[in-house]
Amino acid sequence: MIMHLGGDCYVETKNVLLILDYKEAVKNKDTSLFLAGFPAKTISLPGKAEDKPKSVVVTCAGKEKSVYISPISRRTLSMRGVVKETL
């Protein structure tokens with residue numbers, strides 16, 4: 001399944017390790033140090049000059065780990081990653 005992180009950025013849900021609230025992540029010293037060890041990619045939505053970061057998504061595809069800073073909330077992204085069963 002593919003998860004849309006905003007703008008033209010998509011990741012496979014199987015590669016998502018964690019989704020954090022941006023404000024909480026930058027407040028916490030240990031979390032900030034952990035995230036500083038990865039290259040960060042900031043995502044902007046088309047037509048919006050200044051999107052405020054709302055979430056941090058950490059992914060791992062093989063040996064490549066990435067951090068995405070998204071303008072979409074942690075809750076919304078978490079709901080997008082849930083597979084709904086229909087019968």
# chains A, B, ... in the order shown; residues from 1 in each chain; ligands from 1

call {"tool": "select_by_dssp", "arguments": {"residues": "range 1-46 of chain A", "states": "strand (DSSP E or B)", "output": "list in words"}}
result
Ile2, Met3, His4, Leu5, Gly6, Cys9, Tyr10, Val11, Glu12, Val16, Leu17, Leu18, Ile19, Leu20, Asp21, Ala40, Lys41 and Thr42 of chain A

call {"tool": "closest_atom_pairs", "arguments": {"of": "range 58-84 of chain A", "to": "range 11-31 of chain A", "cutoff": "6 Å", "atoms": "only C-alpha atoms", "output": "CSV"}}
result
residue,atom,partner,partner_atom,distance
A:Val58,CA,A:Leu18,CA,5.4
A:Thr59,CA,A:Val16,CA,4.4
A:Cys60,CA,A:Asn15,CA,5.2
A:Ala61,CA,A:Asn15,CA,5.6
A:Arg74,CA,A:Asp21,CA,5.5

call {"tool": "select_by_dssp", "arguments": {"residues": "chain A", "states": "helix (DSSP H, G or I)", "output": "list in words"}}
result
Thr13, Lys14, Asn15, Tyr22, Lys23, Glu24, Ala25, Val26, Lys27, Lys29, Asp30, Thr31, Ser32, Leu33, Phe34, Leu35, Ala36, Arg74, Arg75, Thr76, Leu77, Ser78, Met79 and Arg80 of chain A

call {"tool": "write_last_selection", "arguments": {"atoms": "C-alpha atoms", "output": "PDB file, in the first residue's frame"}}
result
ATOM      1  CA  THR A  13       3.456   1.813   4.156  1.00  0.00           C
ATOM      2  CA  LYS A  14       5.567  -1.295   4.798  1.00  0.00           C
ATOM      3  CA  ASN A  15       8.639   0.990   4.958  1.00  0.00           C
ATOM      4  CA  TYR A  22       6.507  17.511  14.771  1.00  0.00           C
ATOM      5  CA  LYS A  23       6.121  19.816  17.786  1.00  0.00           C
ATOM      6  CA  GLU A  24       6.659  16.981  20.248  1.00  0.00           C
ATOM      7  CA  ALA A  25       9.614  15.578  18.291  1.00  0.00           C
ATOM      8  CA  VAL A  26      11.533  18.869  18.258  1.00  0.00           C
ATOM      9  CA  LYS A  27      10.817  19.498  21.954  1.00  0.00           C
ATOM     10  CA  LYS A  29      16.135  16.268  23.161  1.00  0.00           C
ATOM     11  CA  ASP A  30      16.652  12.543  22.564  1.00  0.00           C
ATOM     12  CA  THR A  31      14.223  12.430  19.651  1.00  0.00           C
ATOM     13  CA  SER A  32      15.832  15.489  18.066  1.00  0.00           C
ATOM     14  CA  LEU A  33      19.281  13.870  18.328  1.00  0.00           C
ATOM     15  CA  PHE A  34      17.952  10.643  16.812  1.00  0.00           C
ATOM     16  CA  LEU A  35      16.359  12.474  13.873  1.00  0.00           C
ATOM     17  CA  ALA A  36      19.451  14.616  13.290  1.00  0.00           C
ATOM     18  CA  ARG A  74       0.393  12.606  12.428  1.00  0.00           C
ATOM     19  CA  ARG A  75      -3.180  11.470  13.007  1.00  0.00           C
ATOM     20  CA  THR A  76      -4.183  11.850   9.346  1.00  0.00           C
ATOM     21  CA  LEU A  77      -1.082   9.992   8.157  1.00  0.00           C
ATOM     22  CA  SER A  78      -1.655   7.239  10.714  1.00  0.00           C
ATOM     23  CA  MET A  79      -5.215   6.763   9.447  1.00  0.00           C
ATOM     24  CA  ARG A  80      -3.939   6.580   5.866  1.00  0.00           C
TER      25      ARG A  80
END

call {"tool": "atom_distance", "arguments": {"atom1": "CA of Val56 in chain A", "atom2": "CA of Tyr68 in chain A"}}
result
5.7 Å
